[in-house]
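Have a look at the structure below, then the notes.
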Amino acid sequence: MTWHLHGTGHRLADDWRELRSIAAGWDASWADVNGFHLEPMPARPPITTHLWAWAARRWLRVRIDGTNWWAALLTSGEAAVGDLWTEHEELPEPKITKLRHWHHDEGQVHQFKGNEEILNRDDFIQLTPLRPTTTAFIGHTSTHR
């Protein structure tokens, strides 16, 4: 299978609707002062530093800094198309590991706020492209089949 990494370059808050139209219907996660979120892609950039979203064979990672954002999209199979993606690189298969979220028996859970649906789940994966300047993508195990 062919893997592709796409980048947006620097974007502003007004460009978010274009990103959201691509990821409409995808699950997304982020943490902010209201706790942990696991819900559909938000209509506006949330007040956070990072957001992850996923769909079948597509994983999105967004860095948010105030009204500025940068997105990277990892795909398996077909490359993404569209004007949003200004950079593209073909990659070898990333390292894929299971991602374990908080469990009720761990100390930090007593302070947990937000979507408690995430507690005690182990059905997520982390995908790390094998290149020096890329960080991990997150998705549900069902997205990699």
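Every chain in the structure tokens has a letter given in the order shown (A, B, ...), and although residue numbers restart at 1 in each chain, ligands are simply numbered from 1 in the order shown.
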Sorted per-residue table, stretch 32-95 of chain A near stretch 134-141 of chain A, closest atoms and distance, 9 Å, only C-alpha atoms, as a tab-separated table:
residue	atom	partner	partner_atom	distance
A:Trp52	CA	A:Ile138	CA	6.2
A:Ala53	CA	A:Gly139	CA	6.9
A:Trp54	CA	A:Gly139	CA	5.3
A:Ala55	CA	A:Gly139	CA	7.6
A:Ala56	CA	A:His140	CA	8.9
A:Arg58	CA	A:Gly139	CA	8.5
A:Trp59	CA	A:Phe137	CA	6.1
A:Leu60	CA	A:Phe137	CA	6.6
A:Arg61	CA	A:Phe137	CA	5.9
A:Ala72	CA	A:Phe137	CA	8.9
A:Leu73	CA	A:Phe137	CA	8.6
A:Leu74	CA	A:Phe137	CA	7.7
Take the residues from that selection and put them in a file with all heavy atoms, as an mmCIF file, in the first residue's frame.
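And here is the file that came out, again-v5.cif:
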data_model
loop_
_atom_site.group_PDB
_atom_site.id
_atom_site.type_symbol
_atom_site.label_atom_id
_atom_site.label_comp_id
_atom_site.auth_asym_id
_atom_site.auth_seq_id
_atom_site.Cartn_x
_atom_site.Cartn_y
_atom_site.Cartn_z
ATOM 1 N N TRP A 52 -6.763 16.298 16.390
ATOM 2 C CA TRP A 52 -6.599 15.135 15.534
ATOM 3 C C TRP A 52 -7.972 14.735 15.019
ATOM 4 O O TRP A 52 -8.963 14.825 15.743
ATOM 5 C CB TRP A 52 -6.000 13.962 16.315
ATOM 6 C CG TRP A 52 -4.605 14.203 16.769
ATOM 7 C CD1 TRP A 52 -3.457 13.860 16.113
ATOM 8 C CD2 TRP A 52 -4.186 14.821 17.979
ATOM 9 N NE1 TRP A 52 -2.360 14.249 16.847
ATOM 10 C CE2 TRP A 52 -2.790 14.846 17.996
ATOM 11 C CE3 TRP A 52 -4.869 15.388 19.063
ATOM 12 C CZ2 TRP A 52 -2.043 15.392 19.030
ATOM 13 C CZ3 TRP A 52 -4.139 15.944 20.102
ATOM 14 C CH2 TRP A 52 -2.742 15.941 20.084
ATOM 15 N N ALA A 53 -8.039 14.279 13.778
ATOM 16 C CA ALA A 53 -9.303 13.804 13.209
ATOM 17 C C ALA A 53 -8.979 12.618 12.309
ATOM 18 O O ALA A 53 -7.856 12.473 11.817
ATOM 19 C CB ALA A 53 -10.003 14.913 12.425
ATOM 20 N N TRP A 54 -9.990 11.754 12.075
ATOM 21 C CA TRP A 54 -9.721 10.550 11.302
ATOM 22 C C TRP A 54 -10.981 10.033 10.616
ATOM 23 O O TRP A 54 -12.099 10.264 11.052
ATOM 24 C CB TRP A 54 -9.125 9.459 12.187
ATOM 25 C CG TRP A 54 -9.950 9.181 13.403
ATOM 26 C CD1 TRP A 54 -11.011 8.327 13.519
ATOM 27 C CD2 TRP A 54 -9.810 9.795 14.686
ATOM 28 N NE1 TRP A 54 -11.535 8.355 14.784
ATOM 29 C CE2 TRP A 54 -10.816 9.255 15.525
ATOM 30 C CE3 TRP A 54 -8.932 10.739 15.217
ATOM 31 C CZ2 TRP A 54 -10.956 9.631 16.853
ATOM 32 C CZ3 TRP A 54 -9.089 11.112 16.539
ATOM 33 C CH2 TRP A 54 -10.081 10.552 17.344
ATOM 34 N N ALA A 55 -10.717 9.334 9.529
ATOM 35 C CA ALA A 55 -11.730 8.609 8.761
ATOM 36 C C ALA A 55 -11.002 7.418 8.149
ATOM 37 O O ALA A 55 -9.787 7.275 8.317
ATOM 38 C CB ALA A 55 -12.335 9.507 7.680
ATOM 39 N N ALA A 56 -11.703 6.584 7.444
ATOM 40 C CA ALA A 56 -11.073 5.394 6.870
ATOM 41 C C ALA A 56 -9.870 5.781 6.012
ATOM 42 O O ALA A 56 -9.984 6.563 5.075
ATOM 43 C CB ALA A 56 -12.084 4.625 6.024
ATOM 44 N N ARG A 58 -7.487 7.776 6.466
ATOM 45 C CA ARG A 58 -7.104 9.190 6.486
ATOM 46 C C ARG A 58 -6.995 9.659 7.930
ATOM 47 O O ARG A 58 -7.903 9.447 8.721
ATOM 48 C CB ARG A 58 -8.128 10.043 5.746
ATOM 49 C CG ARG A 58 -8.164 9.723 4.269
ATOM 50 C CD ARG A 58 -9.220 10.537 3.548
ATOM 51 N NE ARG A 58 -9.254 10.174 2.156
ATOM 52 C CZ ARG A 58 -8.508 10.720 1.207
ATOM 53 N NH1 ARG A 58 -7.674 11.683 1.507
ATOM 54 N NH2 ARG A 58 -8.598 10.315 -0.036
ATOM 55 N N TRP A 59 -5.856 10.315 8.230
ATOM 56 C CA TRP A 59 -5.600 10.802 9.579
ATOM 57 C C TRP A 59 -5.097 12.233 9.486
ATOM 58 O O TRP A 59 -4.154 12.527 8.748
ATOM 59 C CB TRP A 59 -4.565 9.911 10.261
ATOM 60 C CG TRP A 59 -5.018 8.494 10.324
ATOM 61 C CD1 TRP A 59 -5.758 7.912 11.313
ATOM 62 C CD2 TRP A 59 -4.804 7.471 9.337
ATOM 63 N NE1 TRP A 59 -6.001 6.602 11.007
ATOM 64 C CE2 TRP A 59 -5.431 6.294 9.795
ATOM 65 C CE3 TRP A 59 -4.151 7.429 8.114
ATOM 66 C CZ2 TRP A 59 -5.414 5.105 9.085
ATOM 67 C CZ3 TRP A 59 -4.132 6.247 7.392
ATOM 68 C CH2 TRP A 59 -4.766 5.097 7.884
ATOM 69 N N LEU A 60 -5.709 13.114 10.242
ATOM 70 C CA LEU A 60 -5.418 14.537 10.193
ATOM 71 C C LEU A 60 -4.832 14.983 11.519
ATOM 72 O O LEU A 60 -5.299 14.571 12.588
ATOM 73 C CB LEU A 60 -6.721 15.300 9.923
ATOM 74 C CG LEU A 60 -6.659 16.818 9.873
ATOM 75 C CD1 LEU A 60 -5.887 17.272 8.636
ATOM 76 C CD2 LEU A 60 -8.071 17.392 9.852
ATOM 77 N N ARG A 61 -3.819 15.818 11.460
ATOM 78 C CA ARG A 61 -3.223 16.429 12.649
ATOM 79 C C ARG A 61 -3.144 17.916 12.378
ATOM 80 O O ARG A 61 -2.617 18.339 11.352
ATOM 81 C CB ARG A 61 -1.835 15.876 12.893
ATOM 82 C CG ARG A 61 -1.172 16.475 14.116
ATOM 83 C CD ARG A 61 0.253 15.922 14.262
ATOM 84 N NE ARG A 61 0.878 16.429 15.446
ATOM 85 C CZ ARG A 61 1.460 17.620 15.537
ATOM 86 N NH1 ARG A 61 1.502 18.414 14.504
ATOM 87 N NH2 ARG A 61 2.007 18.013 16.663
ATOM 88 N N ALA A 72 -1.553 18.620 8.691
ATOM 89 C CA ALA A 72 -0.902 17.542 7.951
ATOM 90 C C ALA A 72 -1.915 16.408 7.832
ATOM 91 O O ALA A 72 -2.672 16.142 8.770
ATOM 92 C CB ALA A 72 0.352 17.067 8.679
ATOM 93 N N LEU A 73 -1.939 15.787 6.684
ATOM 94 C CA LEU A 73 -2.862 14.687 6.423
ATOM 95 C C LEU A 73 -2.056 13.481 5.980
ATOM 96 O O LEU A 73 -1.256 13.569 5.048
ATOM 97 C CB LEU A 73 -3.859 15.074 5.322
ATOM 98 C CG LEU A 73 -4.839 13.993 4.899
ATOM 99 C CD1 LEU A 73 -5.835 13.696 6.025
ATOM 100 C CD2 LEU A 73 -5.583 14.414 3.634
ATOM 101 N N LEU A 74 -2.258 12.370 6.654
ATOM 102 C CA LEU A 74 -1.638 11.099 6.295
ATOM 103 C C LEU A 74 -2.713 10.235 5.651
ATOM 104 O O LEU A 74 -3.812 10.102 6.205
ATOM 105 C CB LEU A 74 -1.095 10.421 7.556
ATOM 106 C CG LEU A 74 -0.427 9.069 7.378
ATOM 107 C CD1 LEU A 74 0.862 9.208 6.558
ATOM 108 C CD2 LEU A 74 -0.143 8.448 8.735
#
(request) Apply DSSP to the backbone of this structure and, from stretch 9-144 of chain A, keep only the residues in strand (DSSP E or B); write these as number ranges by chain. (result) A: 11-12, 27-32, 35-40, 50-55, 58-65, 68-76, 87-91, 95-99, 114, 124-128, 137-140
(request) May I ask for the distance between atom CA of A:Arg44 and atom CA of A:Thr86, given in Å to one decimal place? (result) 21.3 Å
(request) Would you please work out which residue, of A:Gln126, A:Asn68, A:Thr133, A:Thr48, is nearest to A:Thr97 when using only C-alpha atoms? (result) A:Gln126
(request) Record the distance separating atom CA of A:Asp65 and atom CA of A:Pro129, expressed in Å with one decimal. (result)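 Atom CA of A:Asp65 sits 23.1 Å away from atom CA of A:Pro129.
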(request) Check the smallest atom-to-atom distance from each of A:Met41, A:Ile47, A:Ile125, A:Met1 to A:Trp26 using only C-alpha atoms, then report the winner. (result)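 Smallest distance to A:Trp26 is found for A:Met41.
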(request) For stretch 12-15 of chain A, list every protein, DNA or RNA residue within 12 Å, evaluated using only C-alpha atoms, and leave out those in the same chain fewer than 5 positions away; present the list as number ranges by chain. (result) A: 20-22, 43-47, 63-71, 83-84
(message) Nearest residue to A:Leu99 out of A:Leu127, A:Ala31, A:Ala80, A:Leu38, using only C-alpha atoms?
(response) A:Leu127
(request) Between atom CA of A:Gly7 and atom CA of A:Glu90, measure the distance and give it in Å to one decimal. (result) 12.0 Å
(request) Compare A:Ser76, A:Glu87, A:Trp3, A:Gly82 by their minimum atom-to-atom distance to A:Thr143, counting only C-alpha atoms, and give me the closest one. (result)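 Counting only C-alpha atoms, the residue closest to A:Thr143 is A:Ser76.
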(request) Go through A:Arg57, A:Lys95, A:His37, A:His50 one by one, measure the shortest atom-to-atom distance of each to A:Arg131 using only C-alpha atoms, and give the residue with the smallest value. (result) A:Lys95
(request) Mind the document's chain letters and residue numbers, and return as an MDAnalysis selection string the residues of chain A that DSSP labels alpha helix (DSSP H). (result) chainID A and resid 16:22
